[in-house]
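> Have a peek at data-v8.pdb (PDB, C-alpha atoms).
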```pdb
ATOM      1  CA  MET A   1     -47.574 -12.008  42.762
ATOM      2  CA  ILE A   2     -45.113 -14.732  41.798
ATOM      3  CA  THR A   3     -42.417 -12.184  40.931
ATOM      4  CA  ASP A   4     -42.904 -10.603  44.360
ATOM      5  CA  THR A   5     -42.157 -13.977  45.947
ATOM      6  CA  ILE A   6     -39.033 -14.486  43.804
ATOM      7  CA  VAL A   7     -37.812 -10.958  44.636
ATOM      8  CA  LEU A   8     -38.316 -11.628  48.344
ATOM      9  CA  ILE A   9     -36.435 -14.942  48.130
ATOM     10  CA  CYS A  10     -33.509 -13.250  46.356
ATOM     11  CA  LEU A  11     -33.410 -10.470  48.976
ATOM     12  CA  VAL A  12     -33.445 -12.996  51.824
ATOM     13  CA  ILE A  13     -30.617 -15.037  50.279
ATOM     14  CA  GLY A  14     -28.594 -11.867  49.692
ATOM     15  CA  ILE A  15     -29.019 -10.559  53.235
ATOM     16  CA  LEU A  16     -28.309 -14.028  54.663
ATOM     17  CA  PHE A  17     -24.941 -14.206  52.859
ATOM     18  CA  ASN A  18     -24.082 -10.632  53.908
ATOM     19  CA  ALA A  19     -24.858 -11.558  57.522
ATOM     20  CA  LEU A  20     -22.655 -14.669  57.229
ATOM     21  CA  GLY A  21     -19.844 -12.400  55.977
ATOM     22  CA  VAL A  22     -20.135 -10.275  59.124
ATOM     23  CA  LEU A  23     -20.187 -13.401  61.286
ATOM     24  CA  GLY A  24     -17.036 -14.660  59.548
ATOM     25  CA  LEU A  25     -15.308 -11.341  60.229
ATOM     26  CA  LEU A  26     -15.886 -11.881  63.940
ATOM     27  CA  ARG A  27     -15.011 -15.600  64.061
ATOM     28  CA  PHE A  28     -11.957 -16.138  61.856
ATOM     29  CA  PRO A  29      -8.419 -15.812  63.273
ATOM     30  CA  ASP A  30      -6.401 -13.635  60.857
ATOM     31  CA  VAL A  31      -6.576 -11.159  57.962
ATOM     32  CA  TYR A  32      -6.558 -13.751  55.143
ATOM     33  CA  THR A  33      -9.339 -15.969  56.448
ATOM     34  CA  ARG A  34     -11.394 -12.901  57.390
ATOM     35  CA  MET A  35     -11.014 -11.670  53.845
ATOM     36  CA  HIS A  36     -12.509 -14.949  52.596
ATOM     37  CA  ALA A  37     -15.655 -14.320  54.611
ATOM     38  CA  THR A  38     -16.103 -10.571  54.236
ATOM     39  CA  THR A  39     -15.209  -9.889  50.613
ATOM     40  CA  LYS A  40     -16.534 -12.965  48.795
ATOM     41  CA  ALA A  41     -19.655 -13.752  50.769
ATOM     42  CA  THR A  42     -20.739 -10.107  50.645
ATOM     43  CA  THR A  43     -20.177  -9.961  46.878
ATOM     44  CA  PHE A  44     -22.398 -13.006  46.439
ATOM     45  CA  GLY A  45     -25.025 -11.439  48.692
ATOM     46  CA  SER A  46     -24.901  -8.106  46.886
ATOM     47  CA  VAL A  47     -25.194  -9.855  43.510
ATOM     48  CA  PHE A  48     -28.364 -11.524  44.788
ATOM     49  CA  THR A  49     -29.855  -8.202  45.917
ATOM     50  CA  ALA A  50     -28.977  -6.816  42.462
ATOM     51  CA  LEU A  51     -30.726  -9.837  40.943
ATOM     52  CA  ALA A  52     -33.831  -8.961  42.982
ATOM     53  CA  VAL A  53     -33.750  -5.419  41.515
ATOM     54  CA  ILE A  54     -33.367  -6.859  37.998
ATOM     55  CA  ILE A  55     -36.344  -9.221  38.383
ATOM     56  CA  TYR A  56     -38.477  -6.448  39.898
ATOM     57  CA  GLY A  57     -37.566  -4.039  37.065
ATOM     58  CA  GLY A  58     -38.280  -6.774  34.514
ATOM     59  CA  SER A  59     -41.743  -7.395  35.914
ATOM     60  CA  LEU A  60     -42.495  -3.656  35.914
ATOM     61  CA  TYR A  61     -41.298  -3.380  32.295
ATOM     62  CA  TYR A  62     -43.516  -6.336  31.363
ATOM     63  CA  GLY A  63     -46.506  -4.507  32.885
ATOM     64  CA  THR A  64     -45.914  -0.949  31.649
ATOM     65  CA  ALA A  65     -43.467  -1.193  28.657
ATOM     66  CA  ASP A  66     -41.776   1.952  29.991
ATOM     67  CA  PRO A  67     -38.127   2.117  28.685
ATOM     68  CA  GLN A  68     -36.851   3.636  31.946
ATOM     69  CA  TYR A  69     -36.972   0.123  33.467
ATOM     70  CA  ILE A  70     -34.553  -1.151  30.782
ATOM     71  CA  THR A  71     -32.167   1.585  31.903
ATOM     72  CA  LEU A  72     -32.631   0.501  35.512
ATOM     73  CA  ILE A  73     -31.920  -3.162  34.654
ATOM     74  CA  ILE A  74     -28.799  -2.401  32.605
ATOM     75  CA  HIS A  75     -27.386  -0.047  35.227
ATOM     76  CA  THR A  76     -27.935  -2.662  37.932
ATOM     77  CA  ILE A  77     -26.093  -5.278  35.839
ATOM     78  CA  ILE A  78     -23.194  -2.847  35.358
ATOM     79  CA  ALA A  79     -23.134  -2.126  39.102
ATOM     80  CA  ALA A  80     -22.982  -5.861  39.891
ATOM     81  CA  LEU A  81     -20.162  -6.414  37.339
ATOM     82  CA  ALA A  82     -18.207  -3.416  38.671
ATOM     83  CA  LEU A  83     -18.642  -4.745  42.213
ATOM     84  CA  ALA A  84     -17.329  -8.181  41.230
ATOM     85  CA  PHE A  85     -14.303  -6.824  39.347
ATOM     86  CA  THR A  86     -13.221  -4.214  41.908
ATOM     87  CA  ASN A  87     -13.751  -6.747  44.677
ATOM     88  CA  ALA A  88     -11.439  -9.312  43.096
ATOM     89  CA  VAL A  89      -8.691  -6.794  42.360
ATOM     90  CA  SER A  90      -8.866  -5.007  45.717
ATOM     91  CA  SER A  91      -8.907  -8.172  47.827
ATOM     92  CA  HIS A  92      -5.889  -9.465  45.893
ATOM     93  CA  ALA A  93      -4.139  -6.133  46.560
ATOM     94  CA  LEU A  94      -5.001  -6.280  50.275
ATOM     95  CA  ALA A  95      -3.771  -9.876  50.629
ATOM     96  CA  ARG A  96      -0.528  -9.114  48.768
ATOM     97  CA  ALA A  97       0.119  -5.997  50.851
ATOM     98  CA  ALA A  98      -0.571  -7.912  54.062
ATOM     99  CA  HIS A  99       1.874 -10.683  53.102
ATOM    100  CA  LYS A 100       4.538  -8.170  51.959
ATOM    101  CA  SER A 101       4.339  -6.324  55.275
ATOM    102  CA  GLY A 102       5.131  -9.598  57.060
ATOM    103  CA  ILE A 103       1.799 -10.814  58.415
ATOM    104  CA  LYS A 104       2.016 -14.600  58.715
ATOM    105  CA  PRO A 105      -1.161 -16.560  58.012
ATOM    106  CA  ALA A 106      -2.421 -17.804  61.391
ATOM    107  CA  GLN A 107      -2.914 -21.573  61.915
ATOM    108  CA  ALA A 108      -1.444 -22.143  58.454
ATOM    109  CA  VAL A 109      -0.269 -25.658  57.663
ATOM    110  CA  VAL A 110       1.939 -24.470  54.773
ATOM    111  CA  ASP A 111       3.217 -21.121  53.414
ATOM    112  CA  ARG A 112       4.851 -21.637  49.990
ATOM    113  CA  LEU A 113       5.005 -17.887  49.338
ATOM    114  CA  GLY A 114       6.986 -17.255  52.520
ATOM    115  CA  GLU A 115       9.371 -20.070  51.492
ATOM    116  CA  ALA A 116       9.747 -18.614  47.986
ATOM    117  CA  ARG A 117      10.519 -15.118  49.376
ATOM    118  CA  ARG A 118      13.265 -16.373  51.655
TER     119      ARG A 118
ATOM    120  CA  MET B   1      -5.305   2.530  12.246
ATOM    121  CA  ILE B   2      -6.618  -0.800  13.581
ATOM    122  CA  PRO B   3      -6.167   0.222  17.255
ATOM    123  CA  PHE B   4      -8.074   3.454  16.507
ATOM    124  CA  VAL B   5     -11.046   1.608  14.945
ATOM    125  CA  LEU B   6     -11.169  -1.052  17.688
ATOM    126  CA  THR B   7     -11.008   1.537  20.482
ATOM    127  CA  ALA B   8     -13.742   3.608  18.793
ATOM    128  CA  ILE B   9     -16.050   0.579  18.442
ATOM    129  CA  PHE B  10     -15.382  -0.474  22.043
ATOM    130  CA  ALA B  11     -16.140   3.041  23.381
ATOM    131  CA  LEU B  12     -19.293   3.297  21.250
ATOM    132  CA  VAL B  13     -20.612  -0.057  22.515
ATOM    133  CA  ILE B  14     -19.986   0.955  26.146
ATOM    134  CA  TYR B  15     -21.751   4.300  25.554
ATOM    135  CA  LEU B  16     -24.744   2.606  23.915
ATOM    136  CA  ILE B  17     -25.036   0.089  26.770
ATOM    137  CA  LEU B  18     -24.997   2.918  29.335
ATOM    138  CA  THR B  19     -27.674   4.951  27.532
ATOM    139  CA  ALA B  20     -30.027   2.113  26.512
ATOM    140  CA  GLY B  21     -33.691   2.964  27.074
ATOM    141  CA  SER B  22     -33.381   6.648  26.146
ATOM    142  CA  GLY B  23     -35.619   6.743  23.045
ATOM    143  CA  ASN B  24     -37.434   4.941  20.252
ATOM    144  CA  LEU B  25     -34.712   4.326  17.602
ATOM    145  CA  GLY B  26     -34.166   0.746  18.702
ATOM    146  CA  VAL B  27     -33.958   1.586  22.391
ATOM    147  CA  TRP B  28     -31.825   4.714  21.838
ATOM    148  CA  SER B  29     -32.733   8.249  20.812
ATOM    149  CA  ALA B  30     -31.058   9.712  17.681
ATOM    150  CA  SER B  31     -29.248  12.391  19.685
ATOM    151  CA  GLU B  32     -27.690   9.778  21.982
ATOM    152  CA  ILE B  33     -26.393   7.779  18.996
ATOM    153  CA  ILE B  34     -24.813  10.870  17.403
ATOM    154  CA  ALA B  35     -23.285  11.967  20.711
ATOM    155  CA  GLY B  36     -21.994   8.420  21.206
ATOM    156  CA  ILE B  37     -20.264   8.313  17.805
ATOM    157  CA  ALA B  38     -18.670  11.728  18.351
ATOM    158  CA  LEU B  39     -17.450  10.814  21.842
ATOM    159  CA  ALA B  40     -16.186   7.411  20.652
ATOM    160  CA  LEU B  41     -14.049   9.101  17.958
ATOM    161  CA  VAL B  42     -12.608  11.584  20.489
ATOM    162  CA  THR B  43     -11.929   8.771  22.997
ATOM    163  CA  ALA B  44     -10.240   6.637  20.336
ATOM    164  CA  GLY B  45      -8.095   9.588  19.249
ATOM    165  CA  VAL B  46      -6.847  10.163  22.796
ATOM    166  CA  THR B  47      -6.455   6.562  24.065
ATOM    167  CA  ARG B  48      -5.743   4.424  20.964
ATOM    168  CA  ARG B  49      -2.296   3.477  22.324
ATOM    169  CA  PHE B  50      -3.629   1.797  25.466
ATOM    170  CA  LEU B  51      -6.305  -0.740  24.532
ATOM    171  CA  CYS B  52      -4.253  -2.762  22.013
ATOM    172  CA  ARG B  53      -0.879  -2.335  23.709
ATOM    173  CA  SER B  54       0.089  -5.993  23.309
ATOM    174  CA  GLY B  55      -0.152  -5.689  19.507
ATOM    175  CA  ASN B  56      -2.249  -8.849  19.335
ATOM    176  CA  TYR B  57      -5.845  -8.654  18.070
ATOM    177  CA  ARG B  58      -7.130 -12.143  18.952
ATOM    178  CA  MET B  59      -9.595 -10.671  21.499
ATOM    179  CA  ALA B  60     -11.314  -8.733  18.671
ATOM    180  CA  ASN B  61     -12.772 -12.092  17.563
ATOM    181  CA  PRO B  62     -16.496 -11.856  18.490
ATOM    182  CA  LEU B  63     -16.624 -15.599  19.333
ATOM    183  CA  ARG B  64     -14.071 -15.144  22.120
ATOM    184  CA  LEU B  65     -15.985 -12.112  23.442
ATOM    185  CA  LEU B  66     -19.254 -14.083  23.394
ATOM    186  CA  LEU B  67     -17.595 -16.874  25.361
ATOM    187  CA  ILE B  68     -16.896 -14.478  28.279
ATOM    188  CA  PRO B  69     -20.562 -14.047  29.400
ATOM    189  CA  VAL B  70     -21.144 -17.782  28.778
ATOM    190  CA  TYR B  71     -18.163 -18.523  31.016
ATOM    191  CA  ILE B  72     -19.337 -16.118  33.758
ATOM    192  CA  LEU B  73     -22.975 -17.290  33.797
ATOM    193  CA  GLY B  74     -22.191 -20.994  33.317
ATOM    194  CA  PRO B  75     -19.273 -22.843  34.955
ATOM    195  CA  PHE B  76     -18.011 -19.848  36.942
ATOM    196  CA  LEU B  77     -21.375 -19.174  38.626
ATOM    197  CA  VAL B  78     -21.769 -22.870  39.511
ATOM    198  CA  GLU B  79     -18.293 -22.923  41.055
ATOM    199  CA  VAL B  80     -18.856 -19.667  43.002
ATOM    200  CA  THR B  81     -22.205 -20.885  44.368
ATOM    201  CA  LYS B  82     -20.728 -24.182  45.530
ATOM    202  CA  ALA B  83     -17.738 -22.441  47.134
ATOM    203  CA  ASN B  84     -20.013 -19.887  48.833
ATOM    204  CA  LEU B  85     -22.018 -22.644  50.485
ATOM    205  CA  ASP B  86     -18.748 -24.260  51.584
ATOM    206  CA  VAL B  87     -17.444 -21.024  53.145
ATOM    207  CA  ALA B  88     -20.837 -20.391  54.793
ATOM    208  CA  TYR B  89     -20.513 -23.837  56.408
ATOM    209  CA  ARG B  90     -16.986 -22.988  57.603
ATOM    210  CA  VAL B  91     -18.110 -19.633  59.034
ATOM    211  CA  ILE B  92     -20.703 -21.407  61.143
ATOM    212  CA  THR B  93     -18.592 -24.376  62.287
ATOM    213  CA  GLY B  94     -15.176 -22.616  62.418
ATOM    214  CA  ASN B  95     -13.639 -25.736  60.873
ATOM    215  CA  ILE B  96     -10.678 -24.364  58.835
ATOM    216  CA  ARG B  97      -7.235 -25.537  57.731
ATOM    217  CA  PRO B  98      -5.636 -22.538  55.947
ATOM    218  CA  GLY B  99      -2.387 -22.362  53.988
ATOM    219  CA  ILE B 100      -0.677 -20.711  51.023
ATOM    220  CA  ILE B 101       0.045 -23.134  48.171
ATOM    221  CA  ARG B 102       1.799 -22.789  44.819
ATOM    222  CA  VAL B 103      -0.400 -23.369  41.756
ATOM    223  CA  ARG B 104       1.031 -24.105  38.306
ATOM    224  CA  SER B 105      -1.082 -22.461  35.592
ATOM    225  CA  GLY B 106       0.800 -22.881  32.314
ATOM    226  CA  LEU B 107      -0.948 -19.761  30.928
ATOM    227  CA  LYS B 108       1.272 -17.469  28.889
ATOM    228  CA  THR B 109      -0.732 -14.326  28.073
ATOM    229  CA  ASP B 110      -1.345 -11.469  30.525
ATOM    230  CA  LEU B 111      -5.101 -11.605  29.949
ATOM    231  CA  GLY B 112      -5.200 -15.337  30.697
ATOM    232  CA  ILE B 113      -3.296 -14.889  33.970
ATOM    233  CA  PHE B 114      -5.537 -11.941  34.863
ATOM    234  CA  MET B 115      -8.718 -13.927  34.267
ATOM    235  CA  LEU B 116      -7.461 -16.986  36.177
ATOM    236  CA  ALA B 117      -6.209 -14.916  39.135
ATOM    237  CA  ASN B 118      -9.477 -12.987  39.346
ATOM    238  CA  SER B 119     -11.554 -16.152  39.013
ATOM    239  CA  ILE B 120      -9.589 -17.701  41.871
ATOM    240  CA  THR B 121      -9.958 -14.562  44.000
ATOM    241  CA  LEU B 122     -13.704 -14.255  43.358
ATOM    242  CA  THR B 123     -14.260 -17.904  44.300
ATOM    243  CA  PRO B 124     -14.753 -17.898  48.092
ATOM    244  CA  GLY B 125     -12.162 -19.893  50.025
ATOM    245  CA  THR B 126      -9.260 -19.012  47.723
ATOM    246  CA  ILE B 127      -7.341 -15.725  47.307
ATOM    247  CA  THR B 128      -4.492 -15.136  44.868
ATOM    248  CA  VAL B 129      -1.849 -13.555  47.103
ATOM    249  CA  ASP B 130       1.011 -13.171  44.625
ATOM    250  CA  ILE B 131       2.254 -14.170  41.181
ATOM    251  CA  ASP B 132       5.667 -15.511  40.232
ATOM    252  CA  GLU B 133       6.488 -13.192  37.317
ATOM    253  CA  GLU B 134       8.903 -15.615  35.617
ATOM    254  CA  THR B 135       7.064 -18.930  35.724
ATOM    255  CA  HIS B 136       3.520 -17.442  35.966
ATOM    256  CA  ASP B 137       2.822 -19.599  39.024
ATOM    257  CA  LEU B 138       0.154 -18.316  41.414
ATOM    258  CA  PHE B 139       0.418 -18.288  45.203
ATOM    259  CA  VAL B 140      -3.074 -19.051  46.468
ATOM    260  CA  HIS B 141      -4.294 -18.748  50.057
ATOM    261  CA  ASN B 142      -6.766 -21.580  50.550
ATOM    262  CA  ILE B 143      -9.079 -21.632  53.583
ATOM    263  CA  ASN B 144      -9.398 -25.420  53.737
ATOM    264  CA  LEU B 145      -6.572 -27.576  52.379
ATOM    265  CA  ALA B 146      -7.240 -31.265  51.912
ATOM    266  CA  GLN B 147      -5.254 -33.657  54.137
ATOM    267  CA  GLY B 148      -1.780 -34.155  52.669
ATOM    268  CA  GLU B 149      -2.128 -31.324  50.138
ATOM    269  CA  GLU B 150       0.474 -29.253  52.013
ATOM    270  CA  SER B 151       3.241 -31.772  51.278
ATOM    271  CA  HIS B 152       3.057 -31.207  47.499
ATOM    272  CA  GLU B 153       5.569 -28.708  46.078
ATOM    273  CA  SER B 154       2.857 -27.297  43.757
ATOM    274  CA  ILE B 155      -0.510 -28.363  42.324
ATOM    275  CA  GLN B 156      -2.033 -28.022  38.847
ATOM    276  CA  ASP B 157      -4.598 -25.200  38.448
ATOM    277  CA  HIS B 158      -7.682 -27.331  37.725
ATOM    278  CA  GLU B 159      -7.281 -29.169  41.042
ATOM    279  CA  LEU B 160      -8.464 -25.977  42.815
ATOM    280  CA  PHE B 161     -11.948 -26.236  41.330
ATOM    281  CA  ALA B 162     -14.200 -29.111  42.304
ATOM    282  CA  ILE B 163     -16.909 -29.156  39.596
ATOM    283  CA  ALA B 164     -16.025 -27.230  36.429
ATOM    284  CA  ASP B 165     -12.612 -27.037  34.726
ATOM    285  CA  LEU B 166     -12.304 -23.209  34.717
ATOM    286  CA  PRO B 167      -8.655 -23.038  33.515
ATOM    287  CA  ALA B 168      -9.622 -24.942  30.354
ATOM    288  CA  TRP B 169     -12.351 -22.354  29.671
ATOM    289  CA  ILE B 170      -9.900 -19.496  30.218
ATOM    290  CA  ARG B 171      -7.431 -21.148  27.860
ATOM    291  CA  ARG B 172     -10.186 -21.346  25.237
ATOM    292  CA  ILE B 173     -11.075 -17.652  25.698
ATOM    293  CA  ALA B 174      -7.744 -15.928  26.139
ATOM    294  CA  GLU B 175      -5.039 -18.017  24.423
TER     295      GLU B 175
END
```
In structure tokens, how does this file's structure come out?

Amino acid sequence: MITDTIVLICLVIGILFNALGVLGLLRFPDVYTRMHATTKATTFGSVFTALAVIIYGGSLYYGTADPQYITLIIHTIIAALALAFTNAVSSHALARAAHKSGIKPAQAVVDRLGEARR
Amino acid sequence: MIPFVLTAIFALVIYLILTAGSGNLGVWSASEIIAGIALALVTAGVTRRFLCRSGNYRMANPLRLLLIPVYILGPFLVEVTKANLDVAYRVITGNIRPGIIRVRSGLKTDLGIFMLANSITLTPGTITVDIDEETHDLFVHNINLAQGEESHESIQDHELFAIADLPAWIRRIAE
């Protein structure tokens, strides 16, 4: 009963952050600021949904002692780690490619990289 | 010889993590353990040149490896949570002041730079856009610069993080 509540809370937090990521995609002015909202907020949200799966699997393992739930938990942890790592590397690659192809950050107060390139 | 052994152990640990819960010898079945050892030896034979390419074995120290999950679950998670709430606030209000700044890191090893750049990128509100290959300075796109921050030529790395001193942790792990 209590684990059900915790799982629900985790799912709600995760979906809330994913929704905020979508909202940021619509509101922010350029590619860099949009990337802040979409990639990071959605990673945080997805990690929370993964956490809900882990807690649910843990409670099932506590009830049944079936080793398949350990497999489920470990695979979910690996999925969350893989998500975090690929997300960091790919958003860095996207930002670098965008800056190399000449997209200026909109509303920026300073651009040290553009000054260094010149 | 040392790269071969380290790669074999690394591959075996990964295989055992992926197959945990398969049987009753610990949490593995005997066949999975044997298959894991055989595959780890084959993997090490093929890829022993890649894992230890830098020729430096300091990351084989189990204390440094244990510090990585402590770092991720402790200061890093606190920092990411705080930054997420900050970006959520900025999504709703639209109150942003973006800019690309230069960040001095002072880290020398590739792994240290990699961990710092990825930590910065995974923290919402900051993206590592590029790296100066000679000085190992990072160019960081920040969604909300403080007033007057844009007039500085460069800032020190720990000034990016409000609560925990992540660069000090990375220095402890990787250097």
> Evaluate the ChimeraX specification (/B :<9) & /A here and jot the selected residues down as JSON, numbers by chain.
{"A": [17, 20, 21, 23, 24, 25, 27, 28, 32, 33, 35, 36, 37, 39, 40, 41, 43, 44, 66, 67, 68, 69, 70, 71, 72, 74, 75, 78, 84, 85, 87, 88, 89, 91, 92, 93, 94, 95, 96, 97, 99, 105, 106, 107, 108, 109, 110, 111, 112, 113, 114]}
> Take CA of Ala19 in chain A and CA of Arg34 in chain A and report the distance between them in Å, one decimal.
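Spanning CA of Ala19 in chain A to CA of Arg34 in chain A is a straight-line distance of 13.5 Å.
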> Leaving out Arg172 in chain B and any residue of its chain fewer than 2 positions from it, which residues lie within 12 Å of it when counting only C-alpha atoms, given as a ChimeraX atom specification?
/B:58-59,63-68,71,107,111-112,115,165-170,174-175
> Calculate how many Å separate CA of Leu77 in chain B from CA of Val31 in chain A, rounding to one decimal.
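CA of Val31 in chain A lies at a distance of 25.6 Å from CA of Leu77 in chain B.
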> Could you work out how far CA of Leu60 in chain A lies from CA of Leu8 in chain A, giving the answer in Å with one decimal?
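Rounded to one decimal, the two atoms are 15.3 Å apart.
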> Using all atoms listed in the file, can you tell me which of A:Ala98, A:Val47, A:Met1, A:Leu81 comes closest to Asn18 in chain A?
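Closest to Asn18 in chain A, using all atoms listed in the file: A:Val47.
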> Using all atoms listed in the file, which protein or nucleic acid residues come within 9 Å of range 50-59 of chain A? Drop anything in the same chain fewer than 4 positions from it, and give the result as a list in words.
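The residues satisfying every condition are Thr3, Asp4, Ile6, Val7, Leu8, Ile9, Cys10, Leu11, Gly14, Gly45, Ser46, Gly63, Thr64, Tyr69, Ile70, Leu72, Ile73, Ile74, Thr76, Ile77, Ala79 and Ala80 of chain A.
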> For Phe161 in chain B, which residue among B:Met1, B:Ile33, B:Val78, B:Ile173 is the nearest when counting only C-alpha atoms?
B:Val78
> Give me the box for range 53-67 of chain A as lines of an AutoDock Vina configuration file, namely the centre and edge lengths in Å to one decimal of a box along x, y and z that holds every listed atom plus 4 Å on each side.

```
center_x = -39.9
center_y = -3.6
center_z = 35.1
size_x = 21.1
size_y = 19.3
size_z = 20.9
```
> List the spatial neighbours of Phe10 in chain B as a PyMOL selection string - criterion: any atom at most 10 Å away, only C-alpha atoms, same-chain residues fewer than 3 positions off excluded.
chain B and resi 4-7+13-15+40+43-44+51+60
> Rank nothing, just name the residue among A:Thr38, A:Glu115, A:Thr5, A:Val12 nearest to Leu26 in chain A, using only C-alpha atoms.
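Going through A:Thr38, A:Glu115, A:Thr5, A:Val12 one by one, the smallest distance to Leu26 in chain A is for A:Thr38.
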